[in-house]
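Pasted below: protein_19.pdb, PDB, C-alpha atoms.
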MODEL        1
ATOM      1  CA  MET A1162      51.940  -8.762 -27.524
ATOM      2  CA  GLN A1163      51.328  -9.409 -31.226
ATOM      3  CA  ARG A1164      54.205 -11.137 -33.010
ATOM      4  CA  PRO A1165      55.281  -9.412 -36.271
ATOM      5  CA  ASP A1166      55.537 -11.512 -39.438
ATOM      6  CA  TRP A1167      59.332 -11.119 -39.503
ATOM      7  CA  ALA A1168      59.824 -12.470 -35.962
ATOM      8  CA  PRO A1169      60.702 -16.204 -35.779
ATOM      9  CA  GLU A1170      58.324 -18.266 -33.627
ATOM     10  CA  THR A1171      61.238 -19.585 -31.578
ATOM     11  CA  ILE A1172      62.157 -16.288 -29.928
ATOM     12  CA  ASP A1173      60.797 -14.874 -26.674
ATOM     13  CA  ILE A1174      59.549 -11.397 -27.575
ATOM     14  CA  GLU A1175      58.905 -10.611 -23.905
ATOM     15  CA  ARG A1176      62.615 -10.806 -23.034
ATOM     16  CA  PRO A1177      64.926  -7.984 -24.172
ATOM     17  CA  SER A1178      67.672  -8.792 -26.661
ATOM     18  CA  VAL A1179      70.920  -6.833 -26.789
ATOM     19  CA  ALA A1180      70.862  -6.960 -30.612
ATOM     20  CA  ARG A1181      67.364  -5.505 -30.748
ATOM     21  CA  MET A1182      68.181  -2.881 -28.101
ATOM     22  CA  TYR A1183      71.140  -1.833 -30.255
ATOM     23  CA  ASP A1184      68.797  -1.658 -33.248
ATOM     24  CA  TYR A1185      66.561   0.687 -31.231
ATOM     25  CA  TYR A1186      69.507   2.938 -30.314
ATOM     26  CA  LEU A1187      70.324   3.238 -34.021
ATOM     27  CA  GLY A1188      66.743   4.169 -34.907
ATOM     28  CA  GLY A1189      65.823   0.762 -36.334
ATOM     29  CA  SER A1190      62.379  -0.836 -36.310
ATOM     30  CA  HIS A1191      63.208  -4.498 -35.650
ATOM     31  CA  ASN A1192      62.645  -4.432 -31.909
ATOM     32  CA  PHE A1193      59.814  -5.211 -29.493
ATOM     33  CA  ALA A1194      58.218  -3.406 -26.559
ATOM     34  CA  ALA A1195      60.452  -5.262 -24.096
ATOM     35  CA  ASP A1196      63.550  -4.189 -26.025
ATOM     36  CA  ARG A1197      62.399  -0.570 -26.171
ATOM     37  CA  ALA A1198      61.613  -0.500 -22.451
ATOM     38  CA  ALA A1199      65.050  -1.875 -21.570
ATOM     39  CA  ALA A1200      66.745   0.517 -24.012
ATOM     40  CA  ARG A1201      64.896   3.505 -22.543
ATOM     41  CA  ALA A1202      65.958   2.396 -19.055
ATOM     42  CA  MET A1203      69.536   2.260 -20.325
ATOM     43  CA  VAL A1204      69.216   5.798 -21.714
ATOM     44  CA  GLU A1205      67.976   6.962 -18.316
ATOM     45  CA  ALA A1206      71.014   5.373 -16.674
ATOM     46  CA  VAL A1207      73.493   6.393 -19.399
ATOM     47  CA  PRO A1208      72.108   9.286 -21.472
ATOM     48  CA  GLU A1209      74.867   8.820 -24.053
ATOM     49  CA  ALA A1210      73.611   5.318 -24.988
ATOM     50  CA  PRO A1211      72.306   6.315 -28.455
ATOM     51  CA  LEU A1212      75.496   8.310 -29.059
ATOM     52  CA  MET A1213      77.481   5.231 -28.082
ATOM     53  CA  ALA A1214      75.730   3.111 -30.708
ATOM     54  CA  GLN A1215      76.078   5.784 -33.385
ATOM     55  CA  ALA A1216      79.756   6.397 -32.622
ATOM     56  CA  ASN A1217      80.437   2.679 -32.708
ATOM     57  CA  ARG A1218      78.664   2.291 -36.060
ATOM     58  CA  ALA A1219      80.731   5.188 -37.419
ATOM     59  CA  PHE A1220      83.888   3.436 -36.167
ATOM     60  CA  LEU A1221      82.841   0.269 -37.994
ATOM     61  CA  ARG A1222      82.341   2.258 -41.198
ATOM     62  CA  ARG A1223      85.758   3.914 -40.964
ATOM     63  CA  ALA A1224      87.455   0.608 -40.120
ATOM     64  CA  VAL A1225      85.906  -1.155 -43.127
ATOM     65  CA  GLN A1226      86.889   1.777 -45.345
ATOM     66  CA  PHE A1227      90.471   1.536 -44.050
ATOM     67  CA  LEU A1228      90.583  -2.235 -44.546
ATOM     68  CA  ALA A1229      89.173  -2.060 -48.063
ATOM     69  CA  ASP A1230      91.609   0.728 -48.955
ATOM     70  CA  SER A1231      94.366  -1.553 -47.599
ATOM     71  CA  GLY A1232      93.367  -4.268 -50.065
ATOM     72  CA  VAL A1233      91.237  -6.525 -47.856
ATOM     73  CA  ARG A1234      88.395  -8.149 -49.805
ATOM     74  CA  GLN A1235      87.141 -10.695 -47.247
ATOM     75  CA  PHE A1236      85.257  -9.838 -44.053
ATOM     76  CA  LEU A1237      83.994 -12.017 -41.184
ATOM     77  CA  ASP A1238      81.722  -9.885 -38.974
ATOM     78  CA  ILE A1239      80.991 -11.792 -35.755
ATOM     79  CA  GLY A1240      78.199 -10.466 -33.560
ATOM     80  CA  SER A1241      76.961  -8.391 -36.485
ATOM     81  CA  GLY A1242      73.521  -7.650 -35.034
ATOM     82  CA  ILE A1243      70.555  -6.437 -37.068
ATOM     83  CA  PRO A1244      71.766  -4.862 -40.322
ATOM     84  CA  THR A1245      71.184  -1.148 -40.693
ATOM     85  CA  VAL A1246      72.369   1.415 -43.213
ATOM     86  CA  GLY A1247      76.154   1.442 -43.536
ATOM     87  CA  ASN A1248      76.776  -2.208 -42.821
ATOM     88  CA  VAL A1249      79.964  -4.022 -43.821
ATOM     89  CA  HIS A1250      78.858  -5.450 -47.160
ATOM     90  CA  GLU A1251      77.503  -2.079 -48.335
ATOM     91  CA  ILE A1252      80.808  -0.324 -47.644
ATOM     92  CA  ALA A1253      83.137  -3.080 -48.853
ATOM     93  CA  GLN A1254      81.189  -3.910 -52.015
ATOM     94  CA  ARG A1255      80.872  -0.244 -52.929
ATOM     95  CA  ILE A1256      84.679  -0.115 -53.016
ATOM     96  CA  ASP A1257      85.002  -3.487 -54.756
ATOM     97  CA  PRO A1258      81.874  -5.434 -55.810
ATOM     98  CA  GLU A1259      83.921  -8.651 -55.557
ATOM     99  CA  SER A1260      84.318  -8.243 -51.783
ATOM    100  CA  ARG A1261      82.947 -11.153 -49.758
ATOM    101  CA  VAL A1262      81.257 -10.771 -46.389
ATOM    102  CA  VAL A1263      79.959 -13.293 -43.859
ATOM    103  CA  TYR A1264      77.895 -12.039 -40.949
ATOM    104  CA  VAL A1265      77.602 -14.132 -37.787
ATOM    105  CA  ASP A1266      75.104 -13.587 -34.987
ATOM    106  CA  VAL A1267      73.443 -15.718 -32.333
ATOM    107  CA  ASP A1268      70.189 -13.704 -32.341
ATOM    108  CA  PRO A1269      67.566 -15.297 -34.636
ATOM    109  CA  VAL A1270      65.937 -11.928 -35.426
ATOM    110  CA  ALA A1271      69.279 -10.528 -36.550
ATOM    111  CA  VAL A1272      69.848 -13.605 -38.706
ATOM    112  CA  ALA A1273      66.341 -13.605 -40.207
ATOM    113  CA  HIS A1274      66.486  -9.925 -41.108
ATOM    114  CA  SER A1275      70.016 -10.300 -42.491
ATOM    115  CA  GLN A1276      68.801 -13.092 -44.750
ATOM    116  CA  GLU A1277      66.128 -10.769 -46.141
ATOM    117  CA  ILE A1278      68.596  -7.969 -46.803
ATOM    118  CA  LEU A1279      71.207 -10.248 -48.377
ATOM    119  CA  ALA A1280      68.803 -12.121 -50.655
ATOM    120  CA  GLY A1281      70.273 -12.092 -54.161
ATOM    121  CA  ASN A1282      73.757 -11.077 -52.976
ATOM    122  CA  ASP A1283      75.891 -14.108 -53.816
ATOM    123  CA  ARG A1284      78.981 -12.592 -52.161
ATOM    124  CA  ALA A1285      77.443 -12.174 -48.719
ATOM    125  CA  ALA A1286      75.849 -14.577 -46.246
ATOM    126  CA  VAL A1287      74.703 -14.779 -42.650
ATOM    127  CA  VAL A1288      75.363 -17.604 -40.189
ATOM    128  CA  GLN A1289      73.615 -18.206 -36.867
ATOM    129  CA  GLU A1290      76.388 -19.073 -34.441
ATOM    130  CA  ASP A1291      77.985 -17.945 -31.182
ATOM    131  CA  LEU A1292      81.295 -16.081 -30.950
ATOM    132  CA  ARG A1293      82.233 -18.455 -28.144
ATOM    133  CA  ARG A1294      82.222 -21.332 -30.665
ATOM    134  CA  PRO A1295      84.933 -20.179 -33.095
ATOM    135  CA  GLU A1296      85.584 -23.665 -34.459
ATOM    136  CA  ALA A1297      81.919 -23.976 -35.477
ATOM    137  CA  ILE A1298      82.092 -20.594 -37.199
ATOM    138  CA  LEU A1299      85.277 -21.449 -39.083
ATOM    139  CA  ARG A1300      83.950 -24.760 -40.388
ATOM    140  CA  HIS A1301      80.464 -23.531 -41.298
ATOM    141  CA  PRO A1302      79.703 -24.306 -44.979
ATOM    142  CA  ASP A1303      78.770 -20.709 -45.816
ATOM    143  CA  VAL A1304      81.978 -19.415 -44.244
ATOM    144  CA  LEU A1305      84.055 -21.930 -46.194
ATOM    145  CA  ARG A1306      82.110 -21.201 -49.388
ATOM    146  CA  LEU A1307      82.754 -17.472 -49.327
ATOM    147  CA  LEU A1308      86.040 -16.974 -47.475
ATOM    148  CA  ASP A1309      89.484 -18.223 -48.500
ATOM    149  CA  PHE A1310      91.573 -18.349 -45.334
ATOM    150  CA  SER A1311      94.793 -18.686 -47.339
ATOM    151  CA  GLN A1312      94.251 -15.004 -48.176
ATOM    152  CA  PRO A1313      93.816 -12.032 -45.781
ATOM    153  CA  VAL A1314      90.514 -11.844 -43.928
ATOM    154  CA  ALA A1315      89.303  -9.050 -41.663
ATOM    155  CA  VAL A1316      87.634 -10.419 -38.527
ATOM    156  CA  MET A1317      85.345  -7.840 -36.973
ATOM    157  CA  ILE A1318      84.043  -8.186 -33.408
ATOM    158  CA  VAL A1319      82.449  -4.809 -32.858
ATOM    159  CA  ALA A1320      80.357  -3.870 -29.795
ATOM    160  CA  VAL A1321      80.229  -7.506 -28.672
ATOM    161  CA  LEU A1322      83.026  -8.285 -26.221
ATOM    162  CA  HIS A1323      81.399  -6.441 -23.313
ATOM    163  CA  PHE A1324      78.822  -9.265 -23.348
ATOM    164  CA  ILE A1325      81.573 -11.887 -23.003
ATOM    165  CA  PRO A1326      82.786 -12.331 -19.404
ATOM    166  CA  ASP A1327      86.373 -13.211 -18.603
ATOM    167  CA  ALA A1328      85.077 -16.587 -17.383
ATOM    168  CA  ASP A1329      84.332 -17.438 -21.028
ATOM    169  CA  ARG A1330      88.028 -16.873 -21.833
ATOM    170  CA  PRO A1331      87.734 -14.483 -24.773
ATOM    171  CA  GLN A1332      91.489 -14.585 -25.306
ATOM    172  CA  GLU A1333      91.183 -18.302 -26.173
ATOM    173  CA  PHE A1334      88.563 -17.987 -28.892
ATOM    174  CA  LEU A1335      90.404 -14.966 -30.288
ATOM    175  CA  ARG A1336      93.523 -17.152 -30.381
ATOM    176  CA  THR A1337      91.565 -19.807 -32.324
ATOM    177  CA  LEU A1338      90.410 -17.229 -34.854
ATOM    178  CA  ARG A1339      93.923 -15.799 -35.189
ATOM    179  CA  ALA A1340      95.379 -19.255 -35.874
ATOM    180  CA  ALA A1341      93.040 -19.614 -38.877
ATOM    181  CA  LEU A1342      94.140 -16.340 -40.488
ATOM    182  CA  ALA A1343      96.769 -15.710 -43.146
ATOM    183  CA  PRO A1344      99.416 -13.008 -42.713
ATOM    184  CA  GLY A1345      98.052  -9.632 -43.696
ATOM    185  CA  SER A1346      94.710 -10.356 -42.011
ATOM    186  CA  TYR A1347      93.170  -7.920 -39.543
ATOM    187  CA  LEU A1348      91.248  -7.950 -36.272
ATOM    188  CA  VAL A1349      88.810  -5.148 -35.416
ATOM    189  CA  LEU A1350      87.579  -4.937 -31.813
ATOM    190  CA  SER A1351      85.461  -2.481 -29.866
ATOM    191  CA  GLN A1352      83.689  -2.665 -26.548
ATOM    192  CA  ALA A1353      82.364  -0.524 -23.722
ATOM    193  CA  SER A1354      84.906   0.876 -21.274
ATOM    194  CA  ASP A1355      84.642   3.005 -18.167
ATOM    195  CA  ASP A1356      88.198   4.355 -18.287
ATOM    196  CA  GLY A1357      88.036   7.826 -16.758
ATOM    197  CA  ARG A1358      84.344   7.439 -15.936
ATOM    198  CA  ALA A1359      84.652   5.646 -12.593
ATOM    199  CA  GLY A1360      82.495   7.004  -9.793
ATOM    200  CA  THR A1361      79.625   8.153 -12.013
ATOM    201  CA  GLY A1362      77.382   5.270 -11.005
ATOM    202  CA  GLU A1363      76.623   4.614 -14.666
ATOM    203  CA  ARG A1364      78.304   1.218 -14.701
ATOM    204  CA  ALA A1365      76.140  -0.192 -11.902
ATOM    205  CA  GLU A1366      72.980   1.142 -13.520
ATOM    206  CA  ALA A1367      73.938  -0.225 -16.945
ATOM    207  CA  GLU A1368      74.700  -3.643 -15.441
ATOM    208  CA  ARG A1369      71.302  -3.598 -13.720
ATOM    209  CA  VAL A1370      69.497  -2.896 -17.018
ATOM    210  CA  TYR A1371      71.322  -5.621 -18.927
ATOM    211  CA  ARG A1372      70.506  -8.196 -16.265
ATOM    212  CA  ARG A1373      67.061  -8.224 -17.913
ATOM    213  CA  THR A1374      68.644  -9.784 -21.006
ATOM    214  CA  ASP A1375      70.516 -13.025 -21.596
ATOM    215  CA  ASN A1376      73.788 -11.079 -21.698
ATOM    216  CA  GLN A1377      75.583  -9.494 -18.768
ATOM    217  CA  LEU A1378      77.993  -6.575 -19.112
ATOM    218  CA  SER A1379      81.749  -7.091 -18.767
ATOM    219  CA  ILE A1380      83.288  -3.635 -18.906
ATOM    220  CA  ARG A1381      87.029  -3.573 -19.699
ATOM    221  CA  SER A1382      89.784  -1.016 -19.472
ATOM    222  CA  ARG A1383      91.970   0.166 -22.334
ATOM    223  CA  ALA A1384      94.761  -2.122 -21.106
ATOM    224  CA  GLU A1385      92.447  -5.139 -20.977
ATOM    225  CA  LEU A1386      91.113  -4.499 -24.491
ATOM    226  CA  THR A1387      94.634  -3.940 -25.810
ATOM    227  CA  ALA A1388      95.681  -7.308 -24.365
ATOM    228  CA  LEU A1389      93.019  -9.033 -26.505
ATOM    229  CA  PHE A1390      94.964  -7.970 -29.612
ATOM    230  CA  ALA A1391      97.752 -10.396 -28.638
ATOM    231  CA  GLY A1392      99.542 -11.609 -31.765
ATOM    232  CA  PHE A1393      98.445  -8.605 -33.843
ATOM    233  CA  ASP A1394     100.290  -5.356 -34.500
ATOM    234  CA  LEU A1395      98.067  -2.435 -33.599
ATOM    235  CA  VAL A1396      97.394   0.045 -36.390
ATOM    236  CA  GLU A1397      97.785   3.702 -35.411
ATOM    237  CA  PRO A1398      96.377   5.266 -33.294
ATOM    238  CA  GLY A1399      96.062   2.041 -31.278
ATOM    239  CA  VAL A1400      93.212   1.403 -28.852
ATOM    240  CA  VAL A1401      91.330   4.659 -28.316
ATOM    241  CA  TRP A1402      87.827   5.978 -27.773
ATOM    242  CA  VAL A1403      86.120   5.080 -31.048
ATOM    243  CA  PRO A1404      85.588   8.703 -32.230
ATOM    244  CA  GLN A1405      89.377   9.127 -31.986
ATOM    245  CA  TRP A1406      90.102   6.258 -34.376
ATOM    246  CA  ARG A1407      90.972   7.983 -37.668
ATOM    247  CA  PRO A1408      88.106  10.500 -37.506
ATOM    248  CA  ASP A1409      86.776  12.029 -40.720
ATOM    249  CA  ALA A1410      87.407  15.476 -39.220
ATOM    250  CA  PRO A1411      89.245  16.567 -36.018
ATOM    251  CA  GLU A1412      86.093  17.993 -34.464
ATOM    252  CA  HIS A1413      84.452  14.550 -34.651
ATOM    253  CA  ALA A1414      86.874  13.361 -31.949
ATOM    254  CA  GLU A1415      85.903  16.046 -29.441
ATOM    255  CA  ASN A1416      84.491  14.777 -26.121
ATOM    256  CA  ALA A1417      85.369  11.290 -27.346
ATOM    257  CA  ALA A1418      84.989   9.614 -23.943
ATOM    258  CA  GLN A1419      81.239  10.265 -24.090
ATOM    259  CA  ALA A1420      81.046   7.518 -26.713
ATOM    260  CA  VAL A1421      81.973   4.996 -23.952
ATOM    261  CA  PHE A1422      83.277   2.521 -26.550
ATOM    262  CA  MET A1423      86.977   1.936 -27.100
ATOM    263  CA  GLY A1424      88.252   0.220 -30.212
ATOM    264  CA  GLY A1425      91.203  -0.542 -32.419
ATOM    265  CA  VAL A1426      92.452  -2.448 -35.430
ATOM    266  CA  GLY A1427      95.308  -4.959 -35.437
ATOM    267  CA  ARG A1428      97.210  -6.487 -38.350
ATOM    268  CA  LEU A1429      98.612 -10.010 -38.401
ATOM    269  CA  GLY A1430     102.222  -9.927 -39.541
ATOM    270  CA  GLY A1431     104.479 -12.671 -40.832
TER     271      GLY A1431
ENDMDL
END

Could you render the structure as structure tokens?
Amino acid sequence: MQRPDWAPETIDIERPSVARMYDYYLGGSHNFAADRAAARAMVEAVPEAPLMAQANRAFLRRAVQFLADSGVRQFLDIGSGIPTVGNVHEIAQRIDPESRVVYVDVDPVAVAHSQEILAGNDRAAVVQEDLRRPEAILRHPDVLRLLDFSQPVAVMIVAVLHFIPDADRPQEFLRTLRAALAPGSYLVLSQASDDGRAGTGERAEAERVYRRTDNQLSIRSRAELTALFAGFDLVEPGVVWVPQWRPDAPEHAENAAQAVFMGGVGRLGG
């Protein structure tokens, strides 16, 4: 397989990446044959897979709009993936050009492409780091250069947690991130859930597909996702299927469970 110019030499283009599969679902072009094959297998197992990605991206857009309207001007997007239209910095800086955004991703393709997109934007940066290393994220020079943690920051972990097993103790690194935040900060979470979808066989098929990648699926219930907001006050309507979170129009929330992702926004009081 020929390696494109934008692909770092260090990556294995024969092994699917969850970030590049997500890019494929969203209609992006920064993916390889292995990613497309795995994504198509996922669509065969779960036909709503592209809808899931699109609904989740729409949730991210509405959450950033809500946060910016609430006065937040600093955003830390962890597990940001490959930037596509409607990413955090585009939305936040359209509302206030002074908004500052740091993207974090472990995938080198996502980081390389983000660097291209953000070139010349002195209020946005990308960091290559792992969500499971929150201390390294918080002390990274680009994070410290752009974000003032004495002021509210919105931490966004969108469509990522289902790749973090309970054995990695997600509640602990979320607790580390929360401890670094000032009152008035926010946490945005979303992840895949099979609430109400048990018995369809989709979960087993999806887990089989993602075993091809370096990330395994850890599906959680609404109650389990809600518990990860510990220390934050949930913003209405709480943890719901992502199309139900403050939809632009009521009809956009119809058949919401087909989106498979649940999400919510929490505010840090005090």

Problem set entry | Shortest interatomic distance to A:Leu1335 - which of A:Asp1394, A:Glu1296, A:Glu1175, A:Glu1277, counting all atoms listed in the file |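 Of A:Asp1394, A:Glu1296, A:Glu1175, A:Glu1277, the one nearest A:Leu1335 is A:Glu1296, counting all atoms listed in the file.
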
For this session: Take the PyMOL selection byres ((chain A and resi 1252) around 12), apply it to the structure above, and return the hits as a PyMOL selection string.
Result: chain A and resi 1219+1221-1230+1234+1236+1245-1251+1253-1262

For this session: Can you turn the PyMOL selection byres ((chain A and resi 1378-1388) around 6) into a concrete residue list for this file, as number ranges by chain?
Result: A: 1323-1324, 1326, 1353-1354, 1356, 1368, 1377, 1389-1391

Problem set entry | Distance of atom CA of A:Val1421 from atom CA of A:Val1270, expressed in Å to one decimal place |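 Atom-to-atom, atom CA of A:Val1270 to atom CA of A:Val1421, that is 26.0 Å.
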
For this session: Do a neighbour search on A:Leu1237 at 7 Å with only C-alpha atoms, toss out local chain neighbours closer than 5 positions, and write the hits as number ranges by chain.
Result: A: 1262-1264, 1315-1317

Exercise. Quick one: distance from atom CA of A:Trp1406 to atom CA of A:Ala1210 in Å, one decimal?
Worked result: 19.0 Å

Exercise. Which one of A:Asp1266, A:Asp1283, A:Asp1327, A:Asp1238 sits closest to A:Val1314 if you count all atoms listed in the file?
Worked result: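 Among the listed residues, A:Asp1238 lies closest to A:Val1314.
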
For this session: Find the distance between atom CA of A:Asp1196 and atom CA of A:Val1319 and write it in Å to one decimal.
Result: 20.1 Å

Exercise. What lies within 12 Å of A:Leu1212 using only C-alpha atoms, ignoring chain neighbours under 6 positions off, as an MDAnalysis selection string?
Worked result: chainID A and resid 1183 1185:1188 1204 1218:1219 1403:1404 1416:1422

Go ahead and fit an axis-aligned box to every listed atom of stretch 1346-1355 of chain A plus 6 Å each side, and pass me the centre and edge lengths in Å, one decimal, as AutoDock Vina command-line options.
--center_x 88.5 --center_y -3.7 --center_z -30.1 --size_x 24.3 --size_y 25.4 --size_z 35.8

Exercise. Which of these residues is nearest to A:Ala1341, using all atoms listed in the file: A:Asp1409, A:Asp1303, A:Asp1309, A:Asp1184?
Worked result: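 Of A:Asp1409, A:Asp1303, A:Asp1309, A:Asp1184, the one nearest A:Ala1341, counting all atoms listed in the file, is A:Asp1309.
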
Problem set entry | 12 Å contact set for A:His1301, all atoms listed in the file, chain neighbours under 6 positions out, as a PyMOL selection string | chain A and resi 1263-1265+1286-1291+1294-1295+1307-1308
